[in-house]
Each structure stands twice: as structure tokens, then as C-alpha cells.
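Colleague: Just structure.txt, nothing more (compact mmCIF, C-alpha atoms):
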```txt
# COMPACT_ATOMS: atom_id res chain seq x y z
CA MET A 1 125.63 108.49 106.36
CA ASN A 2 127.64 109.09 103.22
CA ILE A 3 125.78 112.11 101.89
CA ALA A 4 127.40 115.53 101.97
CA GLU A 5 126.45 117.92 104.71
CA GLY A 6 124.78 120.46 102.47
CA VAL A 7 122.59 117.87 100.81
CA GLN A 8 121.58 116.57 104.22
CA VAL A 9 120.62 119.99 105.52
CA VAL A 10 118.70 120.96 102.38
CA SER A 11 116.78 117.70 102.27
CA PHE A 12 116.10 117.96 106.00
CA PHE A 13 114.50 121.36 105.60
CA ILE A 14 112.53 120.29 102.53
CA LEU A 15 111.21 117.26 104.39
CA SER A 16 110.36 119.35 107.44
CA ALA A 17 108.49 121.94 105.42
CA THR A 18 106.58 119.20 103.60
CA MET A 19 105.73 117.53 106.87
CA LEU A 20 104.48 120.66 108.59
CA ALA A 21 102.44 121.73 105.54
CA ALA A 22 100.87 118.27 105.25
CA ALA A 23 100.10 118.24 108.97
CA LEU A 24 98.36 121.61 108.64
CA GLY A 25 96.42 120.17 105.74
CA VAL A 26 95.40 117.14 107.83
CA VAL A 27 93.99 119.42 110.49
CA LEU A 28 92.50 122.22 108.40
CA LEU A 29 91.10 120.71 105.19
CA SER A 30 87.38 120.08 105.14
CA ASN A 31 87.42 116.93 103.00
CA ILE A 32 88.53 114.07 105.20
CA VAL A 33 89.78 111.90 102.32
CA TYR A 34 92.33 114.58 101.47
CA SER A 35 93.29 114.64 105.14
CA ALA A 36 93.90 110.89 105.15
CA PHE A 37 96.17 111.05 102.10
CA LEU A 38 98.05 114.03 103.52
CA LEU A 39 98.54 112.00 106.69
CA GLY A 40 100.36 109.47 104.52
CA GLY A 41 102.53 112.35 103.31
CA VAL A 42 103.34 113.28 106.90
CA PHE A 43 104.39 109.70 107.64
CA MET A 44 106.58 109.45 104.55
CA SER A 45 108.34 112.75 105.30
CA MET A 46 108.87 111.53 108.85
CA ALA A 47 110.51 108.37 107.49
CA GLY A 48 112.84 110.54 105.42
CA ILE A 49 113.81 112.54 108.49
CA TYR A 50 114.52 109.27 110.31
CA LEU A 51 116.88 108.28 107.50
CA LEU A 52 118.69 111.60 107.91
CA LEU A 53 118.95 110.87 111.64
CA ASN A 54 120.82 107.59 110.93
CA ALA A 55 117.93 105.27 111.74
CA ASP A 56 117.31 103.03 108.77
CA PHE A 57 115.44 100.25 110.56
CA VAL A 58 112.96 102.59 112.22
CA ALA A 59 112.42 104.43 108.92
CA ALA A 60 111.51 101.16 107.23
CA ALA A 61 109.26 100.21 110.14
CA GLN A 62 107.62 103.64 109.94
CA VAL A 63 106.81 103.18 106.26
CA LEU A 64 105.55 99.63 106.81
CA ILE A 65 103.44 100.24 109.91
CA TYR A 66 102.23 103.81 109.55
CA VAL A 67 101.76 104.11 105.80
CA GLY A 68 101.03 100.47 105.16
CA ALA A 69 98.82 99.65 108.12
CA ILE A 70 97.51 102.67 110.00
CA ASN A 71 96.86 104.89 107.00
CA VAL A 72 95.08 102.12 105.14
CA LEU A 73 93.07 101.39 108.28
CA ILE A 74 92.04 105.05 108.51
CA LEU A 75 91.03 105.02 104.84
CA PHE A 76 88.92 101.92 105.48
CA ALA A 77 87.26 103.61 108.45
CA ILE A 78 86.48 106.68 106.32
CA MET A 79 84.98 104.37 103.72
CA LEU A 80 82.85 102.59 106.34
CA VAL A 81 81.51 105.75 107.94
CA ASN A 82 81.05 107.35 104.53
CA LYS A 83 78.16 109.65 105.24
CA ARG A 84 78.43 113.13 103.89
CA GLU A 85 76.99 115.25 106.63
CA ASP A 86 77.15 118.96 107.18
CA PHE A 87 77.80 119.55 110.82
CA SER A 88 75.32 121.90 112.42
CA GLU A 89 76.72 125.25 113.37
CA LEU A 90 77.17 125.74 117.07
CA PRO A 91 77.12 129.17 118.68
CA GLY A 92 80.42 130.31 120.11
CA ARG A 93 82.48 127.70 118.34
CA TRP A 94 84.89 130.28 116.91
CA ILE A 95 85.74 131.31 120.49
CA ARG A 96 86.87 127.77 121.15
CA LYS A 97 88.88 127.65 117.93
CA ILE A 98 90.63 130.94 118.56
CA SER A 99 91.37 130.16 122.19
CA THR A 100 92.74 126.74 121.22
CA ALA A 101 94.94 128.33 118.57
CA VAL A 102 96.26 130.85 121.11
CA VAL A 103 96.98 128.10 123.64
CA CYS A 104 98.76 125.98 121.00
CA ALA A 105 100.85 128.95 119.83
CA GLY A 106 101.77 129.68 123.44
CA LEU A 107 102.75 126.06 123.96
CA PHE A 108 104.92 126.20 120.85
CA VAL A 109 106.63 129.38 122.02
CA LEU A 110 107.23 127.82 125.44
CA LEU A 111 108.67 124.62 123.99
CA GLY A 112 110.79 126.57 121.51
CA ALA A 113 112.21 128.79 124.23
CA MET A 114 113.01 125.72 126.31
CA VAL A 115 114.71 124.02 123.36
CA ILE A 116 116.83 127.03 122.50
CA VAL A 117 117.79 128.03 126.03
CA THR A 118 118.74 124.59 127.31
CA PRO A 119 122.45 123.72 126.83
CA TRP A 120 122.36 120.22 125.34
CA ALA A 121 125.34 117.94 125.94
CA ILE A 122 125.79 116.97 122.32
CA GLU A 123 128.30 114.31 121.42
CA PRO A 124 129.32 113.51 117.84
CA PRO A 125 127.60 110.41 116.41
CA SER A 126 129.81 107.37 116.56
CA THR A 127 130.22 105.66 113.23
CA ALA A 128 130.47 102.16 114.70
CA VAL A 129 126.83 101.99 115.75
CA VAL A 130 125.47 103.94 112.83
CA ARG A 131 126.25 101.16 110.38
CA GLU A 132 124.43 98.43 112.28
CA THR A 133 121.38 99.93 113.90
CA THR A 134 119.29 96.81 113.31
CA VAL A 135 121.75 94.62 115.18
CA VAL A 136 121.89 97.03 118.11
CA ILE A 137 118.10 97.34 118.27
CA GLY A 138 117.77 93.55 118.18
CA LYS A 139 120.28 93.17 121.00
CA HIS A 140 118.35 95.71 123.07
CA LEU A 141 115.04 94.01 122.37
CA PHE A 142 116.27 90.64 123.55
CA SER A 143 118.37 91.69 126.52
CA ASP A 144 117.34 94.72 128.55
CA PHE A 145 114.01 95.43 126.83
CA LEU A 146 112.82 91.82 126.87
CA LEU A 147 109.89 92.38 129.22
CA PRO A 148 108.43 95.34 127.27
CA PHE A 149 108.91 93.34 124.08
CA GLU A 150 106.85 90.45 125.40
CA LEU A 151 104.28 92.83 126.87
CA ALA A 152 103.97 94.47 123.44
CA SER A 153 103.05 91.14 121.91
CA VAL A 154 100.38 90.63 124.58
CA LEU A 155 99.14 94.18 123.93
CA LEU A 156 98.84 93.49 120.21
CA LEU A 157 96.87 90.33 120.90
CA MET A 158 94.52 92.16 123.25
CA ALA A 159 94.07 94.99 120.73
CA MET A 160 93.23 92.48 117.99
CA VAL A 161 90.61 90.72 120.12
CA GLY A 162 89.19 94.02 121.36
CA ALA A 163 88.95 95.52 117.89
CA ILE A 164 87.14 92.45 116.56
CA ILE A 165 84.69 92.44 119.46
CA LEU A 166 84.03 96.17 119.26
CA ALA A 167 83.60 96.37 115.50
CA ARG A 168 81.64 93.23 114.77
CA ARG A 169 77.96 93.60 114.11
CA ASP A 170 76.59 91.03 116.50
CA PHE A 171 73.10 89.65 116.24
CA ILE A 172 72.23 87.35 119.09
CA PRO A 173 69.39 84.90 118.37
CA GLU A 174 66.38 84.81 120.65
CA GLN A 175 66.87 81.43 122.24
CA ILE A 176 70.21 82.50 123.63
CA GLN A 177 68.66 85.69 124.91
CA GLU A 178 66.18 83.92 127.20
CA ARG A 179 68.79 82.34 129.39
CA GLU A 180 69.74 84.58 132.27
CA THR A 181 73.37 84.20 133.20
CA ALA A 182 75.71 86.32 135.15
CA LEU A 183 77.31 87.44 131.91
CA THR A 184 74.12 88.63 130.22
CA LEU A 185 74.24 92.22 129.15
CA PRO A 186 71.76 94.47 130.94
CA GLU A 187 70.55 95.97 127.68
CA ARG A 188 69.39 94.00 124.71
CA PRO A 189 71.13 94.52 121.38
CA ARG A 190 69.01 96.21 118.79
CA GLU A 191 67.14 94.23 116.17
CA LEU A 192 68.83 93.65 112.86
CA ASP A 193 66.32 95.55 110.73
CA ALA A 194 66.48 98.61 112.93
CA LEU A 195 70.23 98.33 112.79
CA GLU A 196 70.34 98.20 109.01
CA GLY A 197 67.85 101.03 108.73
CA GLY A 198 70.19 103.12 110.81
CA THR A 199 73.14 102.82 108.48
CA GLY A 200 71.47 104.86 105.79
CA LYS A 201 70.44 102.14 103.36
CA MET B 1 126.28 123.99 108.82
CA ASP B 2 124.84 120.74 110.05
CA ILE B 3 121.59 119.30 111.20
CA GLN B 4 121.24 120.41 114.80
CA LEU B 5 119.33 118.85 117.63
CA GLN B 6 117.40 122.07 118.11
CA TYR B 7 115.93 121.96 114.59
CA CYS B 8 114.50 118.50 115.18
CA LEU B 9 113.06 119.48 118.54
CA LEU B 10 111.50 122.66 117.13
CA ILE B 11 109.89 120.76 114.27
CA ALA B 12 108.59 118.14 116.68
CA ALA B 13 107.15 120.88 118.89
CA GLY B 14 105.41 122.43 115.89
CA LEU B 15 103.95 119.08 114.85
CA PHE B 16 102.79 118.46 118.42
CA CYS B 17 101.02 121.82 118.58
CA ILE B 18 99.32 121.23 115.23
CA GLY B 19 98.19 117.84 116.53
CA ILE B 20 96.76 119.32 119.72
CA TYR B 21 94.92 121.98 117.75
CA GLY B 22 93.38 119.33 115.52
CA LEU B 23 92.58 117.10 118.48
CA ILE B 24 90.57 119.82 120.21
CA THR B 25 88.89 121.63 117.34
CA SER B 26 88.01 118.94 114.81
CA ARG B 27 84.48 117.58 114.79
CA ASN B 28 84.94 114.43 112.74
CA ALA B 29 85.88 111.49 114.98
CA VAL B 30 88.22 109.98 112.40
CA ARG B 31 90.10 113.28 112.18
CA VAL B 32 90.57 113.21 115.94
CA LEU B 33 92.26 109.84 115.56
CA MET B 34 94.49 111.28 112.84
CA SER B 35 95.48 114.10 115.19
CA ILE B 36 96.46 111.53 117.81
CA GLU B 37 98.71 109.90 115.22
CA LEU B 38 100.31 113.30 114.61
CA LEU B 39 101.00 113.64 118.34
CA LEU B 40 102.61 110.19 118.47
CA ASN B 41 104.75 111.06 115.46
CA ALA B 42 105.97 114.25 117.12
CA VAL B 43 107.02 112.28 120.19
CA ASN B 44 108.74 109.74 117.95
CA LEU B 45 110.71 112.50 116.25
CA ASN B 46 111.83 113.76 119.66
CA LEU B 47 112.97 110.29 120.67
CA MET B 48 114.86 109.78 117.41
CA ALA B 49 116.60 113.16 117.66
CA PHE B 50 117.75 112.49 121.22
CA SER B 51 118.84 108.99 120.26
CA ASN B 52 120.95 110.33 117.41
CA PHE B 53 122.52 113.35 119.08
CA LEU B 54 122.80 112.41 122.76
CA ASP B 55 122.85 108.61 122.87
CA SER B 56 124.46 107.43 119.67
CA ASP B 57 126.41 104.62 121.32
CA GLU B 58 123.45 102.55 122.43
CA ILE B 59 120.44 103.82 120.53
CA LYS B 60 117.76 103.32 123.12
CA GLY B 61 115.58 106.06 121.62
CA GLN B 62 115.10 103.96 118.52
CA VAL B 63 113.99 101.01 120.65
CA PHE B 64 111.49 103.32 122.36
CA THR B 65 110.28 104.47 118.96
CA VAL B 66 109.66 100.86 117.94
CA PHE B 67 107.54 100.40 121.06
CA VAL B 68 105.62 103.60 120.34
CA LEU B 69 104.97 102.26 116.83
CA THR B 70 103.51 99.10 118.34
CA VAL B 71 101.27 101.00 120.75
CA ALA B 72 100.19 103.35 117.93
CA ALA B 73 99.12 100.41 115.78
CA ALA B 74 97.08 98.92 118.63
CA GLU B 75 95.57 102.32 119.45
CA ALA B 76 94.57 102.94 115.84
CA ALA B 77 92.85 99.56 115.56
CA VAL B 78 90.89 99.91 118.80
CA GLY B 79 90.09 103.59 118.22
CA LEU B 80 88.70 103.00 114.75
CA ALA B 81 86.66 100.07 116.06
CA ILE B 82 85.21 102.38 118.72
CA VAL B 83 84.43 104.99 116.04
CA LEU B 84 82.64 102.34 113.97
CA ALA B 85 80.62 101.13 116.97
CA ILE B 86 79.58 104.62 118.00
CA TYR B 87 78.72 105.47 114.41
CA ARG B 88 76.41 102.46 114.35
CA ASN B 89 74.79 103.57 117.60
CA ARG B 90 74.40 107.29 117.00
CA ASP B 91 74.42 107.43 113.18
CA THR B 92 76.89 110.29 113.13
CA VAL B 93 80.60 110.96 113.55
CA ASP B 94 80.13 114.45 114.93
CA MET B 95 82.11 114.81 118.14
CA GLU B 96 79.65 117.43 119.45
CA GLN B 97 76.83 114.90 119.50
CA PHE B 98 78.63 112.22 121.49
CA ASN B 99 77.11 113.38 124.76
CA LEU B 100 76.31 109.98 126.22
CA LEU B 101 78.16 110.75 129.44
CA LYS B 102 76.64 114.21 129.90
CA TRP B 103 73.76 114.43 132.36
```
Hey, can you dump this file as C-alpha cells for me?

Modeller:
Amino acid sequence: MNIAEGVQVVSFFILSATMLAAALGVVLLSNIVYSAFLLGGVFMSMAGIYLLLNADFVAAAQVLIYVGAINVLILFAIMLVNKREDFSELPGRWIRKISTAVVCAGLFVLLGAMVIVTPWAIEPPSTAVVRETTVVIGKHLFSDFLLPFELASVLLLMAMVGAIILARRDFIPEQIQERETALTLPERPRELDALEGGTGK
Amino acid sequence: MDIQLQYCLLIAAGLFCIGIYGLITSRNAVRVLMSIELLLNAVNLNLMAFSNFLDSDEIKGQVFTVFVLTVAAAEAAVGLAIVLAIYRNRDTVDMEQFNLLKW
């Protein structure tokens, strides 16, 4: 990368601080719409850090997939389950929160100690590969990572079919219900009016 | 002064811990899915840092990150479909009331 060292370090720390603050906002804010938009901020800062780590293709893919697909999908899900409900207070919930926070802080201290103590065998980045990351990734995908690549396409197909089947609001007519086959569900789906009454209309 | 491997790993560890905290303590089901995305992003940052600093000749960490991106997209789609289905069944997104498997 052709940017000076100081600029790289300063922008790296700015991006990191933005990312950690936005991640804290995702977890701690009470309004979930703010959380979803802050999640987009986390993904964009992460793409910036990828650019600083000499990975232009993955940064572009991060922006396209995470910000363009997953974040929009989460916003759609928030819109579809848009019911403002105040969660009932449970006794002893603060014990769980505090103990979880202690465990997470301990995990962070453990990981940090491991990172600092371990002597990493760092080699300087070679400039030959840095300029053509897309070509190298493509060569990997079609030579030694060919089987995972094909399996990923099958996984995406299965996820698409599964998401459609899980999320569709199916209403099975009565005449189909009367036939008993081996594939008949043991429980009948609910009636349509009961189903629409349940969504808060 | 330069960007070190340790900085990236520390930031990824912090993001991972924030994600675990949100995963356990949040009560909205959609927020749990967001926390899972935070966890996947922390792992991705680890992979990218190792790919840049330890394996810069053949950047296999970036290939791994592309696969994690794929799996994250599939997981988000299926997870949000499950949240929608369970919202239609139980009429809530409160994680404390999803006790269908408790007997």
C-alpha cells in the first residue's frame, strides 16, 4: 500500500476505536433499529481495516455482502417483527449480566496475554502478492480450494431453499389435509384467521 | 511505528468478547443474530491479520475469510427465517420465553 506509515497507523486506530464503540452500541443500546445501523458501522470499519491489511478484494466483498445483504436482511427482519414490547423483568437477571461480563473480561485478558506473550514469526509482506490479491484468491479457489468452493455453492442453495420454507406462511387447503401419507406432518398447521389474529392486526 | 500483528489480534479479541456478551445477555432474538455476526467478524479479522503478517506469499487467510463470508450469509438468512417463524408461533421475540424444549 502506498500510504505513509503514520497515516496507516492513525487510520487503523481510528477505525478500531470506531469499530469497538459501534460494537458496544450494538450490544448495549435498547433501541434495536439503532443497533442495526451501528452494525453497519462495524462492518464498514472492518472493511477499512481489511484495506489497511492489504486485502482489497475481501474488503469489497465485505462491503457488498455484509453491508449490502446481511445488514439489509436484519433491517427487514426488524421491520417484520416490529412489535414494541417491554420485556418483563426477571428476578436475578443482573446476576447473569454481571457474571457474563466478568467471564467475558476474563476471556479478553486471557486472549490478550496469549497474544502478547506468544513470539510470532513475523515476515515482512511481500510486494509481489500484495498488488494482485484477486488473482491469487482466484487461483486458490480453483485449484486447492475447489471442493470447499463447490460445497459453498451447495450450501448457499440449501440455505435459500431452507429460508424460503421456514419463512413462508403456508396455508394448506383441507382436501390435501385429508390424505394420509408418510410425509404428513403430525400436527396440523393453524388456521389462517387465527394466524392473522396472532400477528397483532 | 507500524501496524503490528498484536494490535489486530487484540482488537479481534475485544470484538469477540463484546459479541459473546451480547449473545448471552440480550433478550431480543434479532440482537442475538447480530451478536453472532460480530463473532464471525472477529474471527475474520484474525484470519486477515494472520494472512497479512504470517502468510503473505499465498494468502490463504483471505480465501478462508471469503468462505466465512459465504457461511455468514447463509446463516443470517436461515437464522432470520427461524426468528420469523418462531415470532409467528409465539408472538414474541423475547429469548426468555422460547422455552419449547424445557420440560

Colleague: I'd like the interatomic distance between atom CA of Leu107 of chain A and atom CA of Leu24 of chain A, to a tenth of an Å.

Modeller: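 We find that atom CA of Leu107 of chain A and atom CA of Leu24 of chain A lie 16.5 Å from each other.
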
Colleague: Env of Thr65 of chain B: 9 Å cut, atoms = only C-alpha atoms, seq-sep filter 2 positions within chain, self excluded. Answer as a list of chain:residue names.

Modeller: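 Within the cut-off, the hits are A:Val58, B:Val43, B:Asn44, B:Leu45, B:Leu47, B:Met48, B:Lys60, B:Gly61, B:Gln62, B:Val63, B:Phe67, B:Val68, B:Leu69, B:Thr70.
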
Colleague: Have a look at B:Val78, B:Phe98, B:Gln4, B:Ala72 and name the one nearest to chain A; count all atoms listed in the file.

Modeller: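 Using all atoms listed in the file, the shortest distance to chain A belongs to B:Val78.
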
Colleague: Give the answer as one residue: which of A:Ile74, A:Ile98, A:Val9, A:Ala21 has the shortest atom-to-atom distance to Ile49 of chain A, using only C-alpha atoms?

Modeller: A:Val9

Colleague: My list of candidates is A:Glu89, A:Ser99, A:Asn71, A:Gly112. Which is closest to Arg27 of chain B when distances are computed with only C-alpha atoms?

Modeller: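 Distance minimum relative to Arg27 of chain B lands on A:Glu89.
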
Colleague: How far is it from atom CA of Gly41 of chain A to atom CA of Leu5 of chain B, in Å with one decimal?

Modeller: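 Result for atom CA of Gly41 of chain A versus atom CA of Leu5 of chain B: 23.0 Å, one decimal.
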
Colleague: Which polymer residues have any atom within 8 Å of an atom of Gly22 of chain B, counting only C-alpha atoms, with same-chain residues fewer than 6 positions away left out, as JSON, numbers by chain?

Modeller: {"A": [27, 28], "B": [31, 32, 35]}

Colleague: Separation of atom CA of Lys139 of chain A and atom CA of Ser56 of chain B, in Å?

Modeller: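 Interatomic distance here is 14.9 Å.
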
Colleague: For Ala22 of chain A, find every residue with an atom within 7 Å (counting only C-alpha atoms), except residues of its own chain fewer than 3 positions away, and show them as a PyMOL selection string.

Modeller: chain A and resi 18-19+25-26+38-39+41-42

Colleague: Scan for residues within 12 Å of the point (119.2, 126.0, 124.6) in the coordinates of the file, using only C-alpha atoms, and reply as a list in words.

Modeller: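 Within the cut-off we find Leu111, Gly112, Ala113, Met114, Val115, Ile116, Val117, Thr118, Pro119, Trp120, Ala121 and Ile122 of chain A; Gln4, Leu5, Gln6, Tyr7, Leu9 and Leu10 of chain B.
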
Colleague: Next, write the just-selected residues to a file, as an mmCIF file, keeping the file's coordinate frame, keeping C-alpha atoms as the atom set.

Modeller:
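Produced file selection_24.cif, reproduced below:
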```
data_model
loop_
_atom_site.group_PDB
_atom_site.id
_atom_site.type_symbol
_atom_site.label_atom_id
_atom_site.label_comp_id
_atom_site.auth_asym_id
_atom_site.auth_seq_id
_atom_site.Cartn_x
_atom_site.Cartn_y
_atom_site.Cartn_z
ATOM 1 C CA LEU A 111 108.670 124.620 123.990
ATOM 2 C CA GLY A 112 110.790 126.570 121.510
ATOM 3 C CA ALA A 113 112.210 128.790 124.230
ATOM 4 C CA MET A 114 113.010 125.720 126.310
ATOM 5 C CA VAL A 115 114.710 124.020 123.360
ATOM 6 C CA ILE A 116 116.830 127.030 122.500
ATOM 7 C CA VAL A 117 117.790 128.030 126.030
ATOM 8 C CA THR A 118 118.740 124.590 127.310
ATOM 9 C CA PRO A 119 122.450 123.720 126.830
ATOM 10 C CA TRP A 120 122.360 120.220 125.340
ATOM 11 C CA ALA A 121 125.340 117.940 125.940
ATOM 12 C CA ILE A 122 125.790 116.970 122.320
ATOM 13 C CA GLN B 4 121.240 120.410 114.800
ATOM 14 C CA LEU B 5 119.330 118.850 117.630
ATOM 15 C CA GLN B 6 117.400 122.070 118.110
ATOM 16 C CA TYR B 7 115.930 121.960 114.590
ATOM 17 C CA LEU B 9 113.060 119.480 118.540
ATOM 18 C CA LEU B 10 111.500 122.660 117.130
#
```

Colleague: Just checking: using all atoms listed in the file, which residue out of B:Ala85, B:Leu80, B:Cys8, B:Met34 ends up closest to Ser51 of chain B?

Modeller: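 Distance minimum relative to Ser51 of chain B lands on B:Cys8.
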
Colleague: Name the closest residue to chain B among the candidates A:Ile137, A:Glu150, A:Ser143, A:Ile3; distances are taken between atoms, counting only C-alpha atoms.

Modeller: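 Among the listed residues, the smallest separation from chain B belongs to A:Ile137.
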
Colleague: Using all atoms listed in the file, which of the listed residues (A:Gly92, A:Val136, A:Gly40, A:Phe142) sits closest to chain B?

Modeller: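 With all atoms listed in the file as the atom set, the closest residue is A:Val136.
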
Colleague: If we count only C-alpha atoms, what is near Ile11 of chain B at a cut-off of 9 Å, once residues fewer than 6 positions away on the same chain are taken out, given as an mmCIF file with C-alpha atoms, keeping the file's coordinate frame?

Modeller:
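As written to disk, part_22.cif reads:
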```cif
data_model
loop_
_atom_site.group_PDB
_atom_site.id
_atom_site.type_symbol
_atom_site.label_atom_id
_atom_site.label_comp_id
_atom_site.auth_asym_id
_atom_site.auth_seq_id
_atom_site.Cartn_x
_atom_site.Cartn_y
_atom_site.Cartn_z
ATOM 1 C CA SER A 16 110.360 119.350 107.440
ATOM 2 C CA LEU A 20 104.480 120.660 108.590
ATOM 3 C CA ALA B 42 105.970 114.250 117.120
ATOM 4 C CA LEU B 45 110.710 112.500 116.250
#
```

Colleague: Counting all atoms listed in the file, find residues at most 12 Å from (77.6, 119.8, 121.7) (file frame) and give them as a ChimeraX atom specification.

Modeller: /A:87-93 /B:27,94-102

Colleague: Let's have the selection written as a PDB file, in the coordinates of the input, with C-alpha atoms.

Modeller:
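Saved as result_32.pdb:
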```
ATOM      1  CA  PHE A  87      77.800 119.550 110.820  1.00  0.00           C
ATOM      2  CA  SER A  88      75.320 121.900 112.420  1.00  0.00           C
ATOM      3  CA  GLU A  89      76.720 125.250 113.370  1.00  0.00           C
ATOM      4  CA  LEU A  90      77.170 125.740 117.070  1.00  0.00           C
ATOM      5  CA  PRO A  91      77.120 129.170 118.680  1.00  0.00           C
ATOM      6  CA  GLY A  92      80.420 130.310 120.110  1.00  0.00           C
ATOM      7  CA  ARG A  93      82.480 127.700 118.340  1.00  0.00           C
TER       8      ARG A  93
ATOM      9  CA  ARG B  27      84.480 117.580 114.790  1.00  0.00           C
ATOM     10  CA  ASP B  94      80.130 114.450 114.930  1.00  0.00           C
ATOM     11  CA  MET B  95      82.110 114.810 118.140  1.00  0.00           C
ATOM     12  CA  GLU B  96      79.650 117.430 119.450  1.00  0.00           C
ATOM     13  CA  GLN B  97      76.830 114.900 119.500  1.00  0.00           C
ATOM     14  CA  PHE B  98      78.630 112.220 121.490  1.00  0.00           C
ATOM     15  CA  ASN B  99      77.110 113.380 124.760  1.00  0.00           C
ATOM     16  CA  LEU B 100      76.310 109.980 126.220  1.00  0.00           C
ATOM     17  CA  LEU B 101      78.160 110.750 129.440  1.00  0.00           C
ATOM     18  CA  LYS B 102      76.640 114.210 129.900  1.00  0.00           C
TER      19      LYS B 102
END
```

Colleague: Would you pull segment 86-94 of chain B out of the block just shown and save all heavy atoms as a short mmCIF file (atom, residue, chain, number, x, y, z; two decimals), in the first residue's frame?

Modeller:
```
data_model
loop_
_atom_site.label_atom_id
_atom_site.label_comp_id
_atom_site.auth_asym_id
_atom_site.auth_seq_id
_atom_site.Cartn_x
_atom_site.Cartn_y
_atom_site.Cartn_z
N ILE B 86 -40.63 -18.38 14.51
CA ILE B 86 -40.92 -18.51 15.95
C ILE B 86 -41.68 -17.29 16.44
O ILE B 86 -42.50 -17.38 17.36
CB ILE B 86 -39.62 -18.76 16.73
CG1 ILE B 86 -39.94 -19.46 18.03
CG2 ILE B 86 -38.90 -17.49 17.04
CD1 ILE B 86 -38.74 -20.03 18.68
N TYR B 87 -41.49 -16.15 15.77
CA TYR B 87 -42.30 -14.99 16.13
C TYR B 87 -43.77 -15.22 15.76
O TYR B 87 -44.68 -14.83 16.46
CB TYR B 87 -41.77 -13.76 15.42
CG TYR B 87 -42.62 -12.53 15.58
CD1 TYR B 87 -42.68 -11.87 16.79
CD2 TYR B 87 -43.38 -12.03 14.53
CE1 TYR B 87 -43.46 -10.76 16.95
CE2 TYR B 87 -44.16 -10.92 14.69
CZ TYR B 87 -44.20 -10.29 15.90
OH TYR B 87 -44.98 -9.18 16.06
N ARG B 88 -43.99 -15.91 14.64
CA ARG B 88 -45.36 -16.20 14.25
C ARG B 88 -45.99 -17.21 15.19
O ARG B 88 -47.19 -17.17 15.46
CB ARG B 88 -45.38 -16.75 12.83
CG ARG B 88 -46.06 -15.80 11.90
CD ARG B 88 -46.09 -16.38 10.53
NE ARG B 88 -45.12 -15.74 9.70
CZ ARG B 88 -44.36 -16.38 8.84
NH1 ARG B 88 -44.45 -17.68 8.73
NH2 ARG B 88 -43.53 -15.72 8.10
N ASN B 89 -45.19 -18.13 15.71
CA ASN B 89 -45.75 -19.13 16.63
C ASN B 89 -46.00 -18.56 18.00
O ASN B 89 -47.06 -18.77 18.58
CB ASN B 89 -44.78 -20.30 16.75
CG ASN B 89 -45.15 -21.41 15.82
OD1 ASN B 89 -46.32 -21.63 15.56
ND2 ASN B 89 -44.16 -22.11 15.32
N ARG B 90 -45.03 -17.85 18.57
CA ARG B 90 -45.12 -17.45 19.96
C ARG B 90 -45.54 -16.00 20.16
O ARG B 90 -45.75 -15.58 21.27
CB ARG B 90 -43.76 -17.64 20.64
CG ARG B 90 -43.18 -19.00 20.50
CD ARG B 90 -43.99 -19.99 21.24
NE ARG B 90 -43.94 -19.70 22.65
CZ ARG B 90 -43.79 -20.60 23.59
NH1 ARG B 90 -43.65 -21.85 23.26
NH2 ARG B 90 -43.78 -20.26 24.85
N ASP B 91 -45.56 -15.21 19.09
CA ASP B 91 -45.97 -13.81 19.14
C ASP B 91 -45.05 -12.98 20.03
O ASP B 91 -45.48 -12.05 20.69
CB ASP B 91 -47.41 -13.68 19.60
CG ASP B 91 -47.98 -12.33 19.20
OD1 ASP B 91 -47.43 -11.75 18.25
OD2 ASP B 91 -48.92 -11.87 19.84
N THR B 92 -43.79 -13.33 20.08
CA THR B 92 -42.83 -12.53 20.81
C THR B 92 -41.43 -12.84 20.27
O THR B 92 -41.24 -13.84 19.60
CB THR B 92 -42.87 -12.83 22.31
OG1 THR B 92 -41.93 -11.99 22.97
CG2 THR B 92 -42.51 -14.26 22.60
N VAL B 93 -40.49 -11.93 20.54
CA VAL B 93 -39.10 -12.20 20.18
C VAL B 93 -38.24 -12.26 21.44
O VAL B 93 -37.03 -12.18 21.37
CB VAL B 93 -38.53 -11.16 19.20
CG1 VAL B 93 -39.07 -11.37 17.82
CG2 VAL B 93 -38.81 -9.76 19.67
N ASP B 94 -38.88 -12.42 22.58
CA ASP B 94 -38.14 -12.47 23.84
C ASP B 94 -37.48 -13.83 23.98
O ASP B 94 -38.14 -14.86 23.95
CB ASP B 94 -39.11 -12.24 24.99
CG ASP B 94 -38.38 -12.07 26.30
OD1 ASP B 94 -37.15 -12.14 26.29
OD2 ASP B 94 -39.05 -11.87 27.32
#
```
